[in-house]
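The structure file start_15.tsv is reproduced below (TSV, N, CA and C atoms).
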```
chain	number	residue	atom	x	y	z
A	1	GLN	N	47.29	-63.15	-112.47
A	1	GLN	CA	48.29	-62.22	-112.00
A	1	GLN	C	49.09	-61.70	-113.19
A	2	ALA	N	49.28	-60.40	-113.26
A	2	ALA	CA	49.99	-59.82	-114.37
A	2	ALA	C	51.46	-60.19	-114.34
A	3	HIS	N	52.03	-60.49	-115.51
A	3	HIS	CA	53.44	-60.83	-115.56
A	3	HIS	C	53.94	-60.73	-117.00
A	4	VAL	N	55.26	-60.82	-117.16
A	4	VAL	CA	55.88	-60.93	-118.48
A	4	VAL	C	56.70	-62.20	-118.53
A	5	VAL	N	56.77	-62.78	-119.71
A	5	VAL	CA	57.52	-64.02	-119.91
A	5	VAL	C	58.43	-63.86	-121.12
A	6	GLU	N	59.71	-64.15	-120.91
A	6	GLU	CA	60.66	-64.12	-122.01
A	6	GLU	C	60.76	-65.51	-122.65
A	7	SER	N	61.06	-65.51	-123.93
A	7	SER	CA	61.29	-66.77	-124.64
A	7	SER	C	62.19	-66.49	-125.83
A	8	GLY	N	62.67	-67.56	-126.44
A	8	GLY	CA	63.46	-67.42	-127.66
A	8	GLY	C	64.95	-67.62	-127.47
A	9	GLY	N	65.38	-67.81	-126.24
A	9	GLY	CA	66.79	-68.04	-126.01
A	9	GLY	C	67.23	-69.41	-126.50
A	10	GLY	N	68.54	-69.64	-126.46
A	10	GLY	CA	69.06	-70.93	-126.88
A	10	GLY	C	70.54	-70.86	-127.14
A	11	LEU	N	71.04	-71.90	-127.78
A	11	LEU	CA	72.45	-72.01	-128.15
A	11	LEU	C	72.61	-71.62	-129.62
A	12	VAL	N	73.54	-70.72	-129.89
A	12	VAL	CA	73.77	-70.27	-131.25
A	12	VAL	C	75.26	-70.09	-131.46
A	13	GLN	N	75.70	-70.30	-132.69
A	13	GLN	CA	77.12	-70.11	-132.99
A	13	GLN	C	77.45	-68.63	-133.15
A	14	PRO	N	78.70	-68.28	-132.91
A	14	PRO	CA	79.11	-66.88	-133.14
A	14	PRO	C	78.76	-66.43	-134.55
A	15	GLY	N	78.25	-65.22	-134.63
A	15	GLY	CA	77.80	-64.69	-135.92
A	15	GLY	C	76.35	-64.97	-136.21
A	16	GLY	N	75.73	-65.82	-135.41
A	16	GLY	CA	74.33	-66.18	-135.62
A	16	GLY	C	73.37	-65.16	-135.06
A	17	SER	N	72.08	-65.49	-135.16
A	17	SER	CA	71.01	-64.59	-134.74
A	17	SER	C	69.99	-65.33	-133.87
A	18	LEU	N	69.35	-64.57	-133.02
A	18	LEU	CA	68.21	-65.05	-132.23
A	18	LEU	C	67.23	-63.90	-132.11
A	19	ARG	N	65.97	-64.24	-131.92
A	19	ARG	CA	64.97	-63.24	-131.61
A	19	ARG	C	64.30	-63.61	-130.29
A	20	LEU	N	64.47	-62.75	-129.32
A	20	LEU	CA	63.83	-62.95	-128.03
A	20	LEU	C	62.46	-62.26	-128.02
A	21	SER	N	61.55	-62.87	-127.28
A	21	SER	CA	60.21	-62.29	-127.12
A	21	SER	C	59.94	-62.03	-125.65
A	22	CYS	N	59.20	-60.98	-125.41
A	22	CYS	CA	58.75	-60.63	-124.07
A	22	CYS	C	57.24	-60.43	-124.16
A	23	ALA	N	56.51	-61.43	-123.71
A	23	ALA	CA	55.05	-61.41	-123.82
A	23	ALA	C	54.42	-61.03	-122.49
A	24	ALA	N	53.49	-60.11	-122.54
A	24	ALA	CA	52.81	-59.65	-121.33
A	24	ALA	C	51.48	-60.36	-121.17
A	25	SER	N	51.13	-60.63	-119.94
A	25	SER	CA	49.84	-61.23	-119.62
A	25	SER	C	49.22	-60.48	-118.46
A	26	GLY	N	47.96	-60.12	-118.60
A	26	GLY	CA	47.28	-59.44	-117.50
A	26	GLY	C	47.40	-57.94	-117.51
A	27	PHE	N	48.13	-57.41	-118.44
A	27	PHE	CA	48.21	-55.96	-118.59
A	27	PHE	C	48.62	-55.64	-120.03
A	28	THR	N	48.52	-54.37	-120.38
A	28	THR	CA	48.80	-53.95	-121.76
A	28	THR	C	50.17	-53.32	-121.85
A	29	LEU	N	51.04	-53.96	-122.62
A	29	LEU	CA	52.43	-53.52	-122.72
A	29	LEU	C	52.58	-52.12	-123.30
A	30	ASP	N	51.67	-51.71	-124.17
A	30	ASP	CA	51.88	-50.42	-124.83
A	30	ASP	C	51.64	-49.23	-123.91
A	31	TYR	N	51.30	-49.48	-122.64
A	31	TYR	CA	51.22	-48.40	-121.66
A	31	TYR	C	52.51	-48.28	-120.84
A	32	TYR	N	53.52	-49.08	-121.22
A	32	TYR	CA	54.76	-49.13	-120.46
A	32	TYR	C	55.97	-48.93	-121.37
A	33	ASP	N	57.02	-48.34	-120.80
A	33	ASP	CA	58.33	-48.40	-121.42
A	33	ASP	C	58.92	-49.77	-121.08
A	34	ILE	N	59.61	-50.34	-122.05
A	34	ILE	CA	60.14	-51.70	-121.89
A	34	ILE	C	61.65	-51.69	-122.06
A	35	ALA	N	62.32	-52.44	-121.23
A	35	ALA	CA	63.77	-52.56	-121.33
A	35	ALA	C	64.18	-54.03	-121.32
A	36	TRP	N	65.27	-54.31	-122.03
A	36	TRP	CA	65.92	-55.61	-121.97
A	36	TRP	C	67.22	-55.45	-121.19
A	37	PHE	N	67.47	-56.41	-120.32
A	37	PHE	CA	68.70	-56.48	-119.55
A	37	PHE	C	69.34	-57.84	-119.78
A	38	ARG	N	70.59	-57.94	-119.38
A	38	ARG	CA	71.24	-59.25	-119.39
A	38	ARG	C	72.19	-59.34	-118.21
A	39	GLN	N	72.42	-60.58	-117.81
A	39	GLN	CA	73.36	-60.82	-116.73
A	39	GLN	C	74.15	-62.08	-117.04
A	40	ALA	N	75.44	-61.89	-117.16
A	40	ALA	CA	76.35	-63.01	-117.40
A	40	ALA	C	76.86	-63.53	-116.06
A	41	PRO	N	77.30	-64.78	-116.01
A	41	PRO	CA	77.80	-65.34	-114.76
A	41	PRO	C	78.94	-64.49	-114.18
A	42	GLY	N	78.81	-64.14	-112.91
A	42	GLY	CA	79.85	-63.39	-112.24
A	42	GLY	C	79.88	-61.92	-112.57
A	43	LYS	N	78.91	-61.45	-113.35
A	43	LYS	CA	78.88	-60.03	-113.73
A	43	LYS	C	77.58	-59.39	-113.26
A	44	GLU	N	77.61	-58.08	-113.19
A	44	GLU	CA	76.41	-57.35	-112.82
A	44	GLU	C	75.43	-57.31	-113.99
A	45	ARG	N	74.17	-57.15	-113.65
A	45	ARG	CA	73.16	-56.99	-114.69
A	45	ARG	C	73.40	-55.68	-115.43
A	46	GLU	N	73.23	-55.71	-116.74
A	46	GLU	CA	73.42	-54.50	-117.54
A	46	GLU	C	72.25	-54.32	-118.50
A	47	GLY	N	71.94	-53.06	-118.74
A	47	GLY	CA	70.89	-52.74	-119.70
A	47	GLY	C	71.40	-52.97	-121.11
A	48	VAL	N	70.49	-53.39	-121.97
A	48	VAL	CA	70.84	-53.70	-123.35
A	48	VAL	C	70.12	-52.77	-124.32
A	49	SER	N	68.83	-52.63	-124.11
A	49	SER	CA	68.02	-51.90	-125.06
A	49	SER	C	66.71	-51.53	-124.41
A	50	CYS	N	66.06	-50.49	-124.91
A	50	CYS	CA	64.75	-50.14	-124.39
A	50	CYS	C	63.92	-49.47	-125.48
A	51	ILE	N	62.61	-49.41	-125.23
A	51	ILE	CA	61.72	-48.81	-126.22
A	51	ILE	C	60.66	-48.00	-125.50
A	52	SER	N	60.40	-46.83	-126.04
A	52	SER	CA	59.44	-45.91	-125.44
A	52	SER	C	58.01	-46.26	-125.84
A	53	ARG	N	57.08	-46.06	-124.94
A	53	ARG	CA	55.68	-46.28	-125.28
A	53	ARG	C	55.08	-45.08	-126.01
A	54	SER	N	55.71	-43.94	-125.88
A	54	SER	CA	55.13	-42.73	-126.46
A	54	SER	C	55.31	-42.67	-127.97
A	55	ASP	N	56.47	-43.14	-128.45
A	55	ASP	CA	56.71	-43.05	-129.89
A	55	ASP	C	57.37	-44.30	-130.46
A	56	ASP	N	57.45	-45.36	-129.64
A	56	ASP	CA	58.11	-46.61	-130.05
A	56	ASP	C	59.56	-46.39	-130.47
A	57	HIS	N	60.16	-45.33	-129.97
A	57	HIS	CA	61.56	-45.08	-130.34
A	57	HIS	C	62.44	-46.08	-129.61
A	58	PRO	N	63.29	-46.80	-130.35
A	58	PRO	CA	64.20	-47.75	-129.70
A	58	PRO	C	65.53	-47.11	-129.32
A	59	TYR	N	66.08	-47.55	-128.23
A	59	TYR	CA	67.38	-47.10	-127.78
A	59	TYR	C	68.23	-48.33	-127.48
A	60	ASN	N	69.40	-48.38	-128.07
A	60	ASN	CA	70.32	-49.49	-127.83
A	60	ASN	C	71.57	-48.97	-127.15
A	61	LEU	N	72.10	-49.80	-126.29
A	61	LEU	CA	73.27	-49.39	-125.50
A	61	LEU	C	74.49	-50.13	-125.99
A	62	GLU	N	75.66	-49.55	-125.71
A	62	GLU	CA	76.90	-50.26	-125.98
A	62	GLU	C	76.88	-51.51	-125.12
A	63	PRO	N	77.40	-52.62	-125.56
A	63	PRO	CA	78.06	-52.89	-126.83
A	63	PRO	C	77.18	-53.58	-127.87
A	64	VAL	N	75.89	-53.29	-127.87
A	64	VAL	CA	75.03	-53.98	-128.83
A	64	VAL	C	74.56	-53.09	-129.97
A	65	ILE	N	74.98	-51.83	-129.95
A	65	ILE	CA	74.56	-50.91	-131.01
A	65	ILE	C	74.98	-51.47	-132.37
A	66	GLY	N	74.03	-51.45	-133.28
A	66	GLY	CA	74.30	-51.94	-134.62
A	66	GLY	C	74.07	-53.43	-134.79
A	67	ARG	N	73.84	-54.13	-133.68
A	67	ARG	CA	73.63	-55.58	-133.75
A	67	ARG	C	72.26	-56.00	-133.23
A	68	PHE	N	71.78	-55.33	-132.21
A	68	PHE	CA	70.49	-55.68	-131.60
A	68	PHE	C	69.45	-54.62	-131.97
A	69	THR	N	68.21	-55.07	-132.11
A	69	THR	CA	67.10	-54.17	-132.40
A	69	THR	C	65.90	-54.54	-131.56
A	70	ILE	N	65.37	-53.56	-130.85
A	70	ILE	CA	64.17	-53.77	-130.05
A	70	ILE	C	62.96	-53.24	-130.82
A	71	SER	N	61.86	-53.95	-130.68
A	71	SER	CA	60.63	-53.51	-131.33
A	71	SER	C	59.44	-54.02	-130.53
A	72	ARG	N	58.27	-53.46	-130.80
A	72	ARG	CA	57.09	-53.95	-130.10
A	72	ARG	C	55.96	-54.19	-131.10
A	73	ASP	N	55.13	-55.16	-130.76
A	73	ASP	CA	53.92	-55.45	-131.51
A	73	ASP	C	52.77	-55.36	-130.53
A	74	ASN	N	52.12	-54.20	-130.52
A	74	ASN	CA	51.07	-54.00	-129.53
A	74	ASN	C	49.89	-54.94	-129.74
A	75	ALA	N	49.64	-55.32	-130.97
A	75	ALA	CA	48.54	-56.25	-131.24
A	75	ALA	C	48.77	-57.60	-130.58
A	76	LYS	N	50.04	-57.97	-130.46
A	76	LYS	CA	50.39	-59.24	-129.82
A	76	LYS	C	50.82	-59.05	-128.37
A	77	ASN	N	50.80	-57.79	-127.91
A	77	ASN	CA	51.20	-57.50	-126.53
A	77	ASN	C	52.59	-58.05	-126.22
A	78	THR	N	53.49	-57.86	-127.16
A	78	THR	CA	54.82	-58.47	-127.10
A	78	THR	C	55.88	-57.48	-127.56
A	79	VAL	N	57.02	-57.54	-126.89
A	79	VAL	CA	58.21	-56.79	-127.31
A	79	VAL	C	59.27	-57.80	-127.72
A	80	TYR	N	60.02	-57.45	-128.75
A	80	TYR	CA	61.03	-58.35	-129.28
A	80	TYR	C	62.42	-57.74	-129.16
A	81	LEU	N	63.41	-58.61	-129.11
A	81	LEU	CA	64.80	-58.20	-129.21
A	81	LEU	C	65.45	-59.07	-130.28
A	82	GLN	N	65.68	-58.46	-131.44
A	82	GLN	CA	66.36	-59.16	-132.52
A	82	GLN	C	67.86	-59.00	-132.31
A	83	MET	N	68.54	-60.12	-132.21
A	83	MET	CA	69.97	-60.10	-131.92
A	83	MET	C	70.71	-60.72	-133.10
A	84	ASN	N	71.53	-59.94	-133.76
A	84	ASN	CA	72.32	-60.40	-134.90
A	84	ASN	C	73.81	-60.31	-134.59
A	85	SER	N	74.60	-60.98	-135.40
A	85	SER	CA	76.06	-60.97	-135.24
A	85	SER	C	76.46	-61.27	-133.80
A	86	LEU	N	75.88	-62.30	-133.26
A	86	LEU	CA	76.11	-62.62	-131.84
A	86	LEU	C	77.56	-63.03	-131.60
A	87	LYS	N	78.02	-62.64	-130.41
A	87	LYS	CA	79.39	-62.92	-130.00
A	87	LYS	C	79.37	-63.74	-128.72
A	88	PRO	N	80.43	-64.47	-128.42
A	88	PRO	CA	80.46	-65.24	-127.17
A	88	PRO	C	80.22	-64.36	-125.94
A	89	GLU	N	80.65	-63.11	-125.99
A	89	GLU	CA	80.44	-62.22	-124.83
A	89	GLU	C	78.99	-61.79	-124.67
A	90	ASP	N	78.12	-62.15	-125.61
A	90	ASP	CA	76.69	-61.89	-125.46
A	90	ASP	C	76.01	-62.97	-124.62
A	91	THR	N	76.75	-64.01	-124.29
A	91	THR	CA	76.19	-65.09	-123.48
A	91	THR	C	75.74	-64.57	-122.12
A	92	ALA	N	74.48	-64.79	-121.79
A	92	ALA	CA	73.91	-64.27	-120.55
A	92	ALA	C	72.46	-64.73	-120.44
A	93	VAL	N	71.89	-64.50	-119.28
A	93	VAL	CA	70.44	-64.61	-119.13
A	93	VAL	C	69.86	-63.24	-119.47
A	94	TYR	N	68.89	-63.23	-120.35
A	94	TYR	CA	68.27	-62.00	-120.81
A	94	TYR	C	66.90	-61.83	-120.16
A	95	TYR	N	66.67	-60.64	-119.64
A	95	TYR	CA	65.42	-60.33	-118.94
A	95	TYR	C	64.74	-59.13	-119.61
A	96	CYS	N	63.41	-59.16	-119.59
A	96	CYS	CA	62.70	-57.94	-119.97
A	96	CYS	C	61.99	-57.40	-118.73
A	97	ALA	N	61.77	-56.10	-118.76
A	97	ALA	CA	61.13	-55.42	-117.65
A	97	ALA	C	60.26	-54.29	-118.18
A	98	ALA	N	59.15	-54.06	-117.50
A	98	ALA	CA	58.20	-53.02	-117.91
A	98	ALA	C	58.07	-51.99	-116.80
A	99	THR	N	58.10	-50.73	-117.18
A	99	THR	CA	57.97	-49.66	-116.22
A	99	THR	C	56.92	-48.65	-116.65
A	100	SER	N	56.16	-48.16	-115.69
A	100	SER	CA	55.21	-47.08	-115.97
A	100	SER	C	55.93	-45.73	-115.95
A	101	GLY	N	57.20	-45.74	-115.55
A	101	GLY	CA	58.01	-44.54	-115.63
A	101	GLY	C	58.47	-44.29	-117.05
A	102	VAL	N	59.19	-43.20	-117.24
A	102	VAL	CA	59.68	-42.82	-118.56
A	102	VAL	C	61.19	-43.00	-118.60
A	103	LEU	N	61.65	-43.91	-119.43
A	103	LEU	CA	63.08	-44.15	-119.57
A	103	LEU	C	63.71	-43.06	-120.43
A	104	ASP	N	64.93	-42.68	-120.07
A	104	ASP	CA	65.61	-41.68	-120.89
A	104	ASP	C	66.35	-42.37	-122.04
A	105	HIS	N	67.09	-41.58	-122.82
A	105	HIS	CA	67.74	-42.14	-124.01
A	105	HIS	C	68.83	-43.14	-123.67
A	106	GLY	N	69.24	-43.17	-122.41
A	106	GLY	CA	70.20	-44.16	-121.95
A	106	GLY	C	69.53	-45.34	-121.27
A	107	CYS	N	68.21	-45.42	-121.42
A	107	CYS	CA	67.41	-46.48	-120.80
A	107	CYS	C	67.48	-46.44	-119.28
A	108	ARG	N	67.62	-45.25	-118.74
A	108	ARG	CA	67.67	-45.08	-117.29
A	108	ARG	C	66.31	-44.62	-116.76
A	109	LEU	N	65.96	-45.12	-115.58
A	109	LEU	CA	64.74	-44.71	-114.91
A	109	LEU	C	64.93	-43.32	-114.31
A	110	PRO	N	63.83	-42.59	-114.14
A	110	PRO	CA	63.93	-41.34	-113.38
A	110	PRO	C	64.23	-41.65	-111.92
A	111	ARG	N	64.77	-40.67	-111.21
A	111	ARG	CA	65.13	-40.89	-109.81
A	111	ARG	C	63.89	-41.34	-109.03
A	112	GLY	N	64.05	-42.41	-108.29
A	112	GLY	CA	62.94	-42.94	-107.50
A	112	GLY	C	62.04	-43.88	-108.26
A	113	GLY	N	62.31	-44.04	-109.55
A	113	GLY	CA	61.47	-44.91	-110.35
A	113	GLY	C	61.87	-46.36	-110.22
A	114	GLY	N	61.02	-47.22	-110.70
A	114	GLY	CA	61.31	-48.65	-110.66
A	114	GLY	C	60.56	-49.38	-111.75
A	115	TYR	N	60.82	-50.64	-111.89
A	115	TYR	CA	60.13	-51.47	-112.87
A	115	TYR	C	58.96	-52.16	-112.20
A	116	ASP	N	57.84	-52.17	-112.91
A	116	ASP	CA	56.62	-52.77	-112.38
A	116	ASP	C	56.60	-54.29	-112.57
A	117	PHE	N	57.19	-54.75	-113.64
A	117	PHE	CA	57.18	-56.18	-113.95
A	117	PHE	C	58.55	-56.62	-114.45
A	118	TRP	N	58.98	-57.78	-113.98
A	118	TRP	CA	60.20	-58.43	-114.44
A	118	TRP	C	59.86	-59.86	-114.86
A	119	GLY	N	60.52	-60.30	-115.92
A	119	GLY	CA	60.40	-61.71	-116.27
A	119	GLY	C	61.45	-62.54	-115.56
A	120	LEU	N	61.37	-63.86	-115.74
A	120	LEU	CA	62.32	-64.78	-115.11
A	120	LEU	C	63.56	-65.00	-115.96
A	121	GLY	N	63.55	-64.52	-117.19
A	121	GLY	CA	64.73	-64.59	-118.01
A	121	GLY	C	64.75	-65.76	-118.97
A	122	THR	N	65.58	-65.61	-120.00
A	122	THR	CA	65.81	-66.68	-120.97
A	122	THR	C	67.31	-66.73	-121.25
A	123	GLN	N	67.85	-67.94	-121.28
A	123	GLN	CA	69.30	-68.12	-121.44
A	123	GLN	C	69.70	-68.01	-122.91
A	124	VAL	N	70.71	-67.22	-123.16
A	124	VAL	CA	71.32	-67.12	-124.49
A	124	VAL	C	72.77	-67.55	-124.36
A	125	THR	N	73.16	-68.55	-125.14
A	125	THR	CA	74.53	-69.04	-125.12
A	125	THR	C	75.09	-68.96	-126.54
A	126	VAL	N	76.20	-68.24	-126.68
A	126	VAL	CA	76.84	-68.09	-127.98
A	126	VAL	C	78.17	-68.84	-127.91
A	127	SER	N	78.24	-69.92	-128.64
A	127	SER	CA	79.42	-70.77	-128.56
A	127	SER	C	79.53	-71.63	-129.80
A	128	SER	N	80.77	-71.92	-130.19
A	128	SER	CA	80.97	-72.82	-131.32
A	128	SER	C	81.18	-74.24	-130.82
```
Please re-express this file's structure in structure tokens.
Amino acid sequence: QAHVVESGGGLVQPGGSLRLSCAASGFTLDYYDIAWFRQAPGKEREGVSCISRSDDHPYNLEPVIGRFTISRDNAKNTVYLQMNSLKPEDTAVYYCAATSGVLDHGCRLPRGGGYDFWGLGTQVTVSS
């Protein structure tokens, strides 16, 4: 059964870095636009970053601009989220999702669109 799996989360001190991975199984990631989301306790899920399949152009959303970088390695069928200068407010469960739709520069789906695959998430905790 096709799915995506996130990994790479953990406990890190403020100012530290982590690299999350989103590995696809059963389908080819480079035919999809990919987005990273996060959800902190008691808060709504929010988009973090996304990458286009057409040109691998990355888009980052506030408040991670300048700190997080999304990239893909089609040979490994994996998308990454490099997170630097982590802050306690970055603490959340991070999810990746793949869509056959086309995400805009704000990582928004077209009207009526949806994500084809969601992972179960990986916990990121930023604390001293």
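Proximity ranking of A:Val102, A:Cys50, A:Leu20, A:Val124 relative to Ile34 in chain A places A:Cys50 first, based on only N, CA and C atoms.
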- To one decimal place, how far is atom C of Gly47 in chain A from atom N of Asp104 in chain A in Å?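 Interatomic distance here is 12.2 Å.
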- Secondary structure check, strand (DSSP E) residues of chain A, as a PyMOL selection string: chain A and resi 3-7+10-12+18-25+33-39+46-51+58-60+68-73+78-83+92-99+117-118+122-126
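For the residues A:Arg67, A:Arg111, A:His105, A:Arg19, ranking by smallest atom-to-atom distance to Ala35 in chain A using only C-alpha atoms places A:His105 first.
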- Message: Between CA of Phe27 in chain A and atom N of Ala97 in chain A, what distance in Å does the model show, to one decimal?
- Response: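 Interatomic distance here is 13.6 Å.
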- Rank A:Leu109, A:Leu120, A:Val93, A:Ile70 by their smallest atom-to-atom distance to His57 in chain A, using only N, CA and C atoms, and report the top residue only. A:Ile70
- Task: Fewer than 4 positions away in the same chain doesn't count, so skip those; otherwise give me all residues within 8 Å of Gly101 in chain A, counting all atoms listed in the file, as a ChimeraX atom specification.
- Result: /A:31-34,108-110,113-116
- Message: Please return, as a VMD selection string, all residues of chain A that DSSP assigns to helix (DSSP H, G or I) on the basis of the backbone.
- Response: chain A and resid 29 to 31 74 to 76 88 to 90
- Message: Give me the residues near Met83 in chain A as a list of chain:residue names, where near means some atom within 7 Å (using only C-alpha atoms) and where sequence neighbours in that chain fewer than 3 positions away do not count.
- Response: A:Ser17, A:Leu18, A:Arg19, A:Arg67, A:Phe68, A:Thr69, A:Leu86
Would you output that residue set with N, CA and C atoms, as an mmCIF file, in the frame of the given file?
```
data_model
loop_
_atom_site.group_PDB
_atom_site.id
_atom_site.type_symbol
_atom_site.label_atom_id
_atom_site.label_comp_id
_atom_site.auth_asym_id
_atom_site.auth_seq_id
_atom_site.Cartn_x
_atom_site.Cartn_y
_atom_site.Cartn_z
ATOM 1 N N SER A 17 72.080 -65.490 -135.160
ATOM 2 C CA SER A 17 71.010 -64.590 -134.740
ATOM 3 C C SER A 17 69.990 -65.330 -133.870
ATOM 4 N N LEU A 18 69.350 -64.570 -133.020
ATOM 5 C CA LEU A 18 68.210 -65.050 -132.230
ATOM 6 C C LEU A 18 67.230 -63.900 -132.110
ATOM 7 N N ARG A 19 65.970 -64.240 -131.920
ATOM 8 C CA ARG A 19 64.970 -63.240 -131.610
ATOM 9 C C ARG A 19 64.300 -63.610 -130.290
ATOM 10 N N ARG A 67 73.840 -54.130 -133.680
ATOM 11 C CA ARG A 67 73.630 -55.580 -133.750
ATOM 12 C C ARG A 67 72.260 -56.000 -133.230
ATOM 13 N N PHE A 68 71.780 -55.330 -132.210
ATOM 14 C CA PHE A 68 70.490 -55.680 -131.600
ATOM 15 C C PHE A 68 69.450 -54.620 -131.970
ATOM 16 N N THR A 69 68.210 -55.070 -132.110
ATOM 17 C CA THR A 69 67.100 -54.170 -132.400
ATOM 18 C C THR A 69 65.900 -54.540 -131.560
ATOM 19 N N LEU A 86 75.880 -62.300 -133.260
ATOM 20 C CA LEU A 86 76.110 -62.620 -131.840
ATOM 21 C C LEU A 86 77.560 -63.030 -131.600
#
```
- Message: Calculated over only N, CA and C atoms, which of the candidates A:Arg53, A:His3, A:Lys87, A:Arg72 has the smallest distance to Gly26 in chain A?
- Response: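 Selected residue with least distance to Gly26 in chain A: A:His3.
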